[in-house]
Structures are given as structure tokens and as C-alpha cells.
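Trainee: Here it is: the structure, laid out below.
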Amino acid sequence: MANKIKADRVWYNTNLATMDPEIAAPYGALRYYAIAIHQDRICWIGPSLDFESNVDTNDAQDMQGFWITPGFIDCHTHLIFGGNRCGEFEQRAQGASYEEIAQAGGGILSTVAATRALSVEELAESAMIRLQALCNEGVTSVEIKSGYGLTIADELKMLKAAHQLSQTINVNIRTTLLAAHAVPPEYSGHGDDYVELICSELIPQVAERKLAQAIDVFCESIAFDLAQTERLFKTAQQHGLAIKAHCEQLSHLGGAALAARYGALSVDHGEFLRANDIKTLKKHGTVLCLLPIAHYFLRQCRTPPIDRLRSAGIPMAVASDLNPGSSPLASITLAMNMAVINFGLTPEEALLGVTRHAAKALDWHQNKGQLRCGFDADLLIWDIDQPSQLSYELGSLNLVQRVIAATHREHADLQGAVTDV
Ligand code: NIG
Ligand code: FE
């Protein structure tokens with residue numbers, strides 16, 4: 001055929017979980033299909049039998065029925081930090097609550113002290129172990145927040161460490177400024193002054209140097225109130241940064257609706273969301289990001305109102321929330337499994353949560369999160385029978401190949417966890 005599409009690689013005899021909403025089958029599944037990539041993009045998808053007459057390539061692999069999914073996107077992590085919170089883990093095992101520990105000056109602030117003591121290089125080095133664990137399970141894109149520095153220099157240091165990680169490991173990174181994670185000890189009792197510092201100095205610097213795409217605020221009784229949160233959102237908007245927020249995790253403060261009104265990409269946690277909040281999320285197209293590992297780790301009783309979110313058609317992302325206090329478990333498939341078992345998502349919703357909906361939570365939905373022509377060639381090849389297996393099985397999933405758009409090479413340093421077929 002004269003006008004064949006040129007491709008670097010083709011995989012045929014494969015089953016595609018496209019997650020494309022325009023394909024009616026569950027998971028947007030296409031069976032015995034072929035998928036071709038060229039220069040970092042998916043360039044052709046069609047029935048296996050048609051690929052040779054449509055695609056010109058020197059590299060075609062028979063996948064013998066393996067499944068391909070979009071690369072997983074972990075859209076909420078705090079994976080850069082110093083130290084650990086084992087002591088707090090012991091205290092909690094003896095009955096202390098997360099809030100009590102925070103109010104006594106522990107919790108986030110103890111990680112702040114440990115993080116301030118480390119250099120960019122030391123932070124990146126310790127975070128690499130956690131990031132590698134996520135990548136080994138199929139994460140190809142990850143959001144990383146600051147929030148354990150809480151001074152201008154230390155917040156910038158965390159963001160630099162995040163950027164440094166992206167140069168040493170093959171993963172797409174989006175960074176978020178979470179300077180409003182806790183009131184630092186220097187500003188104890190003067191939260192408004194700290195918010196002023198973030199607004200007048202940190203946000204402008206971060207925006208100008210493009211060190212983060214978004215800001216995040218921990219809007220909670222133990223952190224920042226609604227007025228402070230709104231001031232931060234306004235400033236972020238003025239500087240062209242996107243908005244995300246930790247809301248309604250431990251109580252109902254109204255942060256989710258406020259964030260949605262400011263056009264937030266996502267509001268995250270949501271255990272205490274109310275019906276009116278859901279209407280506001282719907283109106284503004286905001287994603288609700290579920291963090292089931294934190295919910296489990298803090299032994300929360302209340303779950304986010306999944307049935308209401310589902311019937312309202314709110315896109316639900318699922319993320320690890322990887323952090324030393326409420327989610328020290330570096331596993332996106334564990335988050336998917338818990339989203340199904342503890343929150344009541346379907347396995348298809350769990351997979352959407354780490355693909356299409358996670359992409360939306362990071363404003364990446366135009367080119368990531370689906371297998372679709374023109375989208376980035378971030379894909380995972382699995383030796384599995386069904387896509388539901390991805391949230392069903394933990395620890396024994398067979399990820400046979402991980403392809404990342406930036407280089408369209410397999411990950412080179414996965415320590416043997418993923419091998420070529
Ligand atoms: O998403 N809620 C605030 N931030 C984190 C916890 C951070 C910590 O405890 O260190 C979370 O759960
Ligand atoms: Fe978080």
C-alpha cells in the first residue's frame with residue numbers, strides 16, 4: 001500500500017485496555033489489536049490483521065494475547081522527605097491519633113525537621129528508592145509535592161530534588177508547591193504571616209522559575225483555614241499556577257467546594273464530602289482524587305461518598321499519597337486494590353483512577369492516560385488474563401515491559417524487575 005504509516009515499533013496480537021471513553025466496551029477494550037508508536041506518540045491502532053497493510057516498521061512483535069494498558073499515573077505523592085515516622089507509628093499503635101500527634105508538634109513538623117537537614121542530592125537519593133518502587137509496578141508519570149521544607153529555601157530545595165529525580169529515572173514528573181502543608185515552627189500562632197510569605201515571595205519565585213505547575217493547600221482544622229486557603233488560590237491564579245487541595249479528609253471545612261470554584265484540577269481525600277460539594281465539583285469539572293492507603297493507614301472509619309460521586313459523574317482518580325505520616329506504602333496497585341475493597345470502586349474505575357482520571361487531575365488528559373492515536377507512547381505490557389487482575393492481584397503481577405514516551409525506550413534501570421519480551 002502506498003501510504004503506509006511509518007512506525008518505530010508495533011505490537012500485534014495484543015489486547016488493548018485503551019481507557020478511551022469513545023470505545024463502549026469495559027476498559028475501552030480492543031481484542032486482538034495492534035498498536036504502533038512513532039517518535040514518542042501512538043501513531044496507529046487497528047485490528048491485528050490490518051497492521052501489515054497499514055504500518056511500515058522494522059520492529060513488530062507478536063504479543064500472543066498479552067494486554068497493553070496506558071502507563072500508570074500516580075497523581076498525588078509526597079515522596080521526597082527526610083527521615084521516617086516510625087516513632088509516631090508506635091505512638092499511634094498505643095492509641096494516639098494523627099491529629100493529637102500533629103497538635104503536639106509531631107507529625108508533619110517532625111518530617112520538616114528531618115527534611116531541612118538534607119541536601120537536594122540527599123533528598124533525591126532517598127526518594128529514588130520510593131520512586132523506583134512505584135515505577136517497578138508500572139508508574140510512568142508521577143506528581144511530586146513539596147511541603148516538608150516550609151521555608152523559601154527548603155521548599156525550593158524539595159522542588160529541585162524532584163526535578164533532579166526526573167533526570168536520573170525514566171519517568172514523567174509534575175511538581176506541586178505544597179508550602180501550605182503546615183504552619184512552620186517559626187510562624188507558630190502566626191499562620192496568616194506564613195501565608196503572606198508564601199503569597200508574596202514563594203509563589204512568584206516558583207511560578208517564574210517554572211519549578212511547579214500547581215499549588216496545593218492542606219485545608220483542615222490542623223492546618224490552613226478557608227480564608228487562608230482562598231488567599232493562596234487567588235495568588236496562584238494570578239501567577240498562572242494550577243490549583244489542587246487536600247480537603248475534607250479529617251473534617252468538613254468547605255475546602256473542596258472553594259477549590260472547585262477556583263477551578264482546581266483536583267481535590268484530594270474527600271472522606272467528609274457532602275452532597276452540595278459534589279454538585280460544585282461537577283459544575284467546575286474538578287476531579288476527586290481518592291487516597292485509600294492514607295484512609296487505611298489512619299484507620300479512618302468514614303469512606304468518601306463513592307455512590308454519590310459515581311452517580312454525579314465525578315471523575316475519580318486513585319493515588320498512593322506516598323508520604324511518611326499517613327501512607328508510607330509505595331504501591332499504586334495497593335491503592336487500586338484498596339479503592340476496590342475499602343471504597344467500593346469497580347476494578348475498571350480503579351484502573352481509570354490511575355490512567356485517564358489521574359491524567360485529568362494533572363492537566364495531562366490531552367496526551368496521557370489513554371491508548372489513543374496522537375497520545376504519548378507511555379504504555380505497559382502485561383502478561384495477564386483480564387485488566388481486572390491489575391487491582392485484584394498484589395505483588396505477583398507480571399509487567400513484562402514498560403515503555404515511556406520521552407525516550408520510547410524501556411526503562412533501563414529497573415534492577416531486573418522488568419525484562420524485554
Ligand atoms: O495527604 N494530609 C496532609 N498530608 C499528607 C500527610 C502528610 C504527613 O503526615 O506527613 C496526606 O495524608
Ligand atoms: Fe497528600
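Just remember, in the C-alpha cells the first chain shown is A, the second B, etc., residues are 1-based per chain, and ligands are 1-based in the order shown.
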Please identify all polymer residues within 7 Å of stretch 230-245 of chain A, counting only C-alpha atoms, omitting same-chain residues fewer than 5 positions from it, and present them as a PyMOL selection string.
Mentor: chain A and resi 199+203-204+207+213-219+259+262+264-268
Trainee: Go ahead and dump the residues you just picked, all heavy atoms, as a tab-separated table (two decimals), in the first residue's frame.
Mentor:
chain	number	residue	atom	x	y	z
A	199	CYS	N	2.62	33.80	49.65
A	199	CYS	CA	2.00	34.55	48.55
A	199	CYS	C	2.93	35.62	47.98
A	199	CYS	O	2.98	35.84	46.77
A	199	CYS	CB	0.69	35.20	49.01
A	199	CYS	SG	-0.59	33.98	49.34
A	203	ILE	N	5.37	31.82	45.92
A	203	ILE	CA	4.59	31.54	44.70
A	203	ILE	C	5.18	32.30	43.51
A	203	ILE	O	5.40	31.70	42.44
A	203	ILE	CB	3.07	31.82	44.91
A	203	ILE	CG1	2.50	30.76	45.84
A	203	ILE	CG2	2.32	31.86	43.57
A	203	ILE	CD1	1.03	30.93	46.20
A	204	PRO	N	5.47	33.61	43.65
A	204	PRO	CA	6.05	34.31	42.48
A	204	PRO	C	7.36	33.67	42.00
A	204	PRO	O	7.56	33.50	40.79
A	204	PRO	CB	6.29	35.73	43.00
A	204	PRO	CG	5.32	35.89	44.13
A	204	PRO	CD	5.18	34.54	44.75
A	207	ALA	N	6.65	30.25	40.32
A	207	ALA	CA	6.00	30.41	39.01
A	207	ALA	C	7.01	30.93	37.98
A	207	ALA	O	7.09	30.41	36.87
A	207	ALA	CB	4.82	31.38	39.14
A	213	GLN	N	3.99	23.19	38.61
A	213	GLN	CA	2.84	23.50	37.73
A	213	GLN	C	1.64	23.96	38.56
A	213	GLN	O	0.75	24.62	38.04
A	213	GLN	CB	2.40	22.26	36.94
A	213	GLN	CG	3.27	21.88	35.78
A	213	GLN	CD	4.48	21.08	36.23
A	213	GLN	OE1	4.45	20.39	37.24
A	213	GLN	NE2	5.57	21.20	35.49
A	214	ALA	N	1.61	23.53	39.84
A	214	ALA	CA	0.40	23.77	40.64
A	214	ALA	C	0.78	24.09	42.08
A	214	ALA	O	1.91	23.85	42.50
A	214	ALA	CB	-0.47	22.51	40.62
A	215	ILE	N	-0.19	24.65	42.80
A	215	ILE	CA	-0.04	24.72	44.26
A	215	ILE	C	-1.09	23.81	44.90
A	215	ILE	O	-2.10	23.47	44.28
A	215	ILE	CB	-0.18	26.15	44.85
A	215	ILE	CG1	-1.62	26.66	44.73
A	215	ILE	CG2	0.80	27.12	44.25
A	215	ILE	CD1	-2.02	27.46	45.93
A	216	ASP	N	-0.80	23.43	46.12
A	216	ASP	CA	-1.71	22.58	46.89
A	216	ASP	C	-1.78	23.20	48.28
A	216	ASP	O	-0.83	23.87	48.72
A	216	ASP	CB	-1.11	21.16	46.94
A	216	ASP	CG	-2.07	20.09	47.43
A	216	ASP	OD1	-3.06	20.43	48.09
A	216	ASP	OD2	-1.80	18.91	47.16
A	217	VAL	N	-2.91	23.01	48.94
A	217	VAL	CA	-3.09	23.53	50.31
A	217	VAL	C	-3.70	22.41	51.16
A	217	VAL	O	-4.63	21.74	50.70
A	217	VAL	CB	-4.04	24.75	50.30
A	217	VAL	CG1	-4.23	25.29	51.71
A	217	VAL	CG2	-3.54	25.84	49.38
A	218	PHE	N	-3.19	22.24	52.37
A	218	PHE	CA	-3.82	21.32	53.32
A	218	PHE	C	-4.87	22.15	54.07
A	218	PHE	O	-4.55	22.87	55.01
A	218	PHE	CB	-2.76	20.74	54.26
A	218	PHE	CG	-3.26	19.64	55.18
A	218	PHE	CD1	-4.41	18.91	54.92
A	218	PHE	CD2	-2.53	19.30	56.33
A	218	PHE	CE1	-4.84	17.88	55.76
A	218	PHE	CE2	-2.95	18.28	57.18
A	218	PHE	CZ	-4.11	17.58	56.89
A	219	CYS	N	-6.11	22.08	53.60
A	219	CYS	CA	-7.19	22.88	54.16
A	219	CYS	C	-7.89	22.02	55.20
A	219	CYS	O	-8.68	21.14	54.88
A	219	CYS	CB	-8.15	23.28	53.02
A	219	CYS	SG	-9.52	24.28	53.57
A	259	ALA	N	-12.17	25.14	46.42
A	259	ALA	CA	-11.16	24.81	45.40
A	259	ALA	C	-11.81	24.67	44.04
A	259	ALA	O	-11.30	25.17	43.02
A	259	ALA	CB	-10.42	23.53	45.80
A	262	TYR	N	-12.51	27.81	42.37
A	262	TYR	CA	-11.29	28.41	41.82
A	262	TYR	C	-10.71	27.59	40.67
A	262	TYR	O	-9.58	27.79	40.26
A	262	TYR	CB	-10.24	28.62	42.93
A	262	TYR	CG	-10.46	29.93	43.65
A	262	TYR	CD1	-11.35	30.02	44.70
A	262	TYR	CD2	-9.82	31.10	43.22
A	262	TYR	CE1	-11.59	31.23	45.34
A	262	TYR	CE2	-10.04	32.31	43.85
A	262	TYR	CZ	-10.92	32.37	44.91
A	262	TYR	OH	-11.16	33.57	45.53
A	264	ALA	N	-10.02	24.29	40.54
A	264	ALA	CA	-9.00	23.30	40.90
A	264	ALA	C	-9.01	22.12	39.93
A	264	ALA	O	-10.06	21.69	39.47
A	264	ALA	CB	-9.25	22.80	42.32
A	265	LEU	N	-7.81	21.60	39.66
A	265	LEU	CA	-7.71	20.38	38.86
A	265	LEU	C	-8.30	19.21	39.65
A	265	LEU	O	-9.02	18.38	39.11
A	265	LEU	CB	-6.24	20.06	38.54
A	265	LEU	CG	-5.50	21.03	37.63
A	265	LEU	CD1	-4.03	20.62	37.55
A	265	LEU	CD2	-6.14	21.01	36.24
A	266	SER	N	-7.94	19.16	40.93
A	266	SER	CA	-8.46	18.07	41.76
A	266	SER	C	-8.58	18.53	43.20
A	266	SER	O	-7.88	19.44	43.63
A	266	SER	CB	-7.52	16.85	41.72
A	266	SER	OG	-6.34	17.10	42.45
A	267	VAL	N	-9.49	17.88	43.91
A	267	VAL	CA	-9.50	17.94	45.36
A	267	VAL	C	-9.25	16.51	45.84
A	267	VAL	O	-9.73	15.56	45.23
A	267	VAL	CB	-10.79	18.54	45.95
A	267	VAL	CG1	-10.94	19.99	45.53
A	267	VAL	CG2	-12.01	17.75	45.55
A	268	ASP	N	-8.46	16.38	46.89
A	268	ASP	CA	-7.92	15.08	47.23
A	268	ASP	C	-8.29	14.68	48.66
A	268	ASP	O	-8.34	15.54	49.55
A	268	ASP	CB	-6.40	15.11	47.06
A	268	ASP	CG	-5.97	15.50	45.63
A	268	ASP	OD1	-6.62	16.38	45.03
A	268	ASP	OD2	-5.00	14.93	45.12
Trainee: As a quick test: using only C-alpha atoms and all ligand atoms, which residues lie no more than 9 Å away from ligand 1? Give them as JSON, numbers by chain.
Mentor: {"A": [76, 77, 78, 81, 85, 98, 102, 107, 108, 109, 110, 111, 112, 147, 148, 181, 182, 217, 218, 219, 220, 223, 246, 247, 249, 250, 268, 269, 291, 294, 295, 298, 321, 322, 323, 324, 325, 326, 327]}
Trainee: Have a look at A:Ala17, A:Ala96, A:Ile381, A:Ala162 and name the one nearest to A:Leu211; count only C-alpha atoms.
Mentor: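 Selected residue with least distance to A:Leu211: A:Ala162.
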Trainee: Please list as a tab-separated table (two decimals) with N, CA, C and O atoms, in the first residue's frame every residue within 6 Å of A:Asp378, counting only C-alpha atoms and excluding residues in the same chain fewer than 3 positions away.
Mentor:
chain	number	residue	atom	x	y	z
A	71	GLY	N	0.33	3.74	30.63
A	71	GLY	CA	1.20	3.82	31.81
A	71	GLY	C	0.41	4.35	32.99
A	71	GLY	O	-0.47	5.20	32.83
A	403	VAL	N	7.10	1.08	28.59
A	403	VAL	CA	7.57	1.96	27.52
A	403	VAL	C	7.20	3.39	27.91
A	403	VAL	O	6.08	3.65	28.33
A	404	ILE	N	8.15	4.30	27.78
A	404	ILE	CA	7.91	5.68	28.19
A	404	ILE	C	8.15	6.61	27.02
A	404	ILE	O	9.17	6.52	26.34
A	405	ALA	N	7.23	7.55	26.82
A	405	ALA	CA	7.27	8.40	25.63
A	405	ALA	C	8.56	9.20	25.49
A	405	ALA	O	9.09	9.29	24.40
Trainee: How would you write, as a list in words, the set of residues in stretch 62-110 of chain A that DSSP gives as strand (DSSP E)?
Mentor: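 Written out, the strand (DSSP E) residues of stretch 62-110 of chain A are Asp62, Trp67, Ile68, Thr69, Pro70, Phe72, Ile73 and Asp74 of chain A.
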Trainee: Going by DSSP on the backbone, which residues of stretch 157-322 of chain A come out as alpha helix (DSSP H)? List them as number ranges by chain.
Mentor: A: 157-168, 191-197, 203-208, 226-238, 255-261, 275-284, 292-297, 306-312
Trainee: One decimal, in Å: what's the spacing between atom CA of A:Cys373 and atom CA of A:Ile37?
Mentor: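 Atom CA of A:Ile37 lies 8.9 Å from atom CA of A:Cys373.
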Trainee: Within 10 Å of A:Asp192, counting only C-alpha atoms, which residues qualify if same-chain residues fewer than 6 places away don't, as a PyMOL selection string?
Mentor: chain A and resi 183+198+224-225+227-228+231
Trainee: Quick one: of A:Glu208, A:Asn58, A:Ser166, A:Pro328, who's nearest to ligand 2, counting only C-alpha atoms and all ligand atoms?
Mentor: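 Nearest to ligand 2: A:Pro328.
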Trainee: Restricting the calculation to only C-alpha atoms and all ligand atoms, which member of A:Gln386, A:Asn84, A:Ser146, A:Gln103 is positioned closest to ligand 2?
Mentor: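 Between A:Gln386, A:Asn84, A:Ser146, A:Gln103, the residue approaching ligand 2 most closely is A:Ser146.
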Trainee: Would you give me, as CSV, each residue of stretch 30-95 of chain A having an atom within 10 Å of an atom of stretch 363-368 of chain A, along with its shortest atom pair and that distance in Å to one decimal, using only C-alpha atoms and sorting by chain and residue number?
Mentor:
residue,atom,partner,partner_atom,distance
A:Arg41,CA,A:Asn367,CA,8.9
A:Ile42,CA,A:Asn367,CA,9.9
A:Pro70,CA,A:Lys368,CA,7.7
A:Gly71,CA,A:Lys368,CA,8.3
A:Phe72,CA,A:Lys368,CA,9.5
A:Ile73,CA,A:Lys368,CA,8.7
Trainee: Limited to C-alpha atoms, could you put the picked residues into a file as a PDB file, in the first residue's frame?
Mentor:
ATOM      1  CA  ARG A  41       3.481   9.110  20.136  1.00  0.00           C
ATOM      2  CA  ILE A  42       0.933   6.420  19.459  1.00  0.00           C
ATOM      3  CA  PRO A  70      -1.713   3.167  29.430  1.00  0.00           C
ATOM      4  CA  GLY A  71       1.199   3.820  31.805  1.00  0.00           C
ATOM      5  CA  PHE A  72       0.034   4.351  35.373  1.00  0.00           C
ATOM      6  CA  ILE A  73      -0.066   7.936  36.626  1.00  0.00           C
TER       7      ILE A  73
END
Trainee: For ligand 2, which residue out of A:Val400, A:Val10, A:Leu390, A:Ile80 is the nearest one, using only C-alpha atoms and all ligand atoms?
Mentor: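 So, comparing all the options, the nearest one is A:Ile80.
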Trainee: Taking only C-alpha atoms and all ligand atoms into account, name the residue in A:Thr176, A:Gln91, A:Thr18, A:Ser126 that is nearest to ligand 2.
Mentor: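 Closest candidate: A:Thr176.
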Trainee: What lies within 9 Å of A:Leu16 using only C-alpha atoms, ignoring chain neighbours under 4 positions off, as a short mmCIF file (atom, residue, chain, number, x, y, z; two decimals) with C-alpha atoms, in the first residue's frame?
Mentor:
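Dumped to out04.cif:
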data_model
loop_
_atom_site.label_atom_id
_atom_site.label_comp_id
_atom_site.auth_asym_id
_atom_site.auth_seq_id
_atom_site.Cartn_x
_atom_site.Cartn_y
_atom_site.Cartn_z
CA TYR A 27 -11.91 -0.73 29.84
CA GLY A 28 -12.29 0.55 26.26
CA ALA A 29 -11.01 -2.93 25.40
CA LEU A 30 -9.98 -3.88 21.87
CA ARG A 31 -9.08 -7.56 21.47
CA TYR A 32 -6.51 -8.88 19.03
CA TYR A 33 -5.45 -5.45 18.02
CA ALA A 34 -2.15 -3.87 17.10
CA ILE A 35 -0.68 -0.63 18.39
CA PHE A 66 -0.73 -10.01 26.25
CA TRP A 67 -2.58 -6.91 27.45
CA ILE A 68 -1.40 -3.34 26.99
CA THR A 69 -2.63 -0.51 29.23
CA PRO A 70 -1.71 3.17 29.43
CA LEU A 371 -4.22 4.44 24.40
#
Trainee: Do a neighbour search on A:Tyr296 at 12 Å with only C-alpha atoms, toss out local chain neighbours closer than 3 positions, and write the hits as JSON, numbers by chain.
Mentor: {"A": [269, 271, 290, 291, 292, 293, 299, 300, 301, 302, 303, 320, 321, 326, 327, 328, 329, 334, 335, 337, 338, 339, 341, 342, 343]}
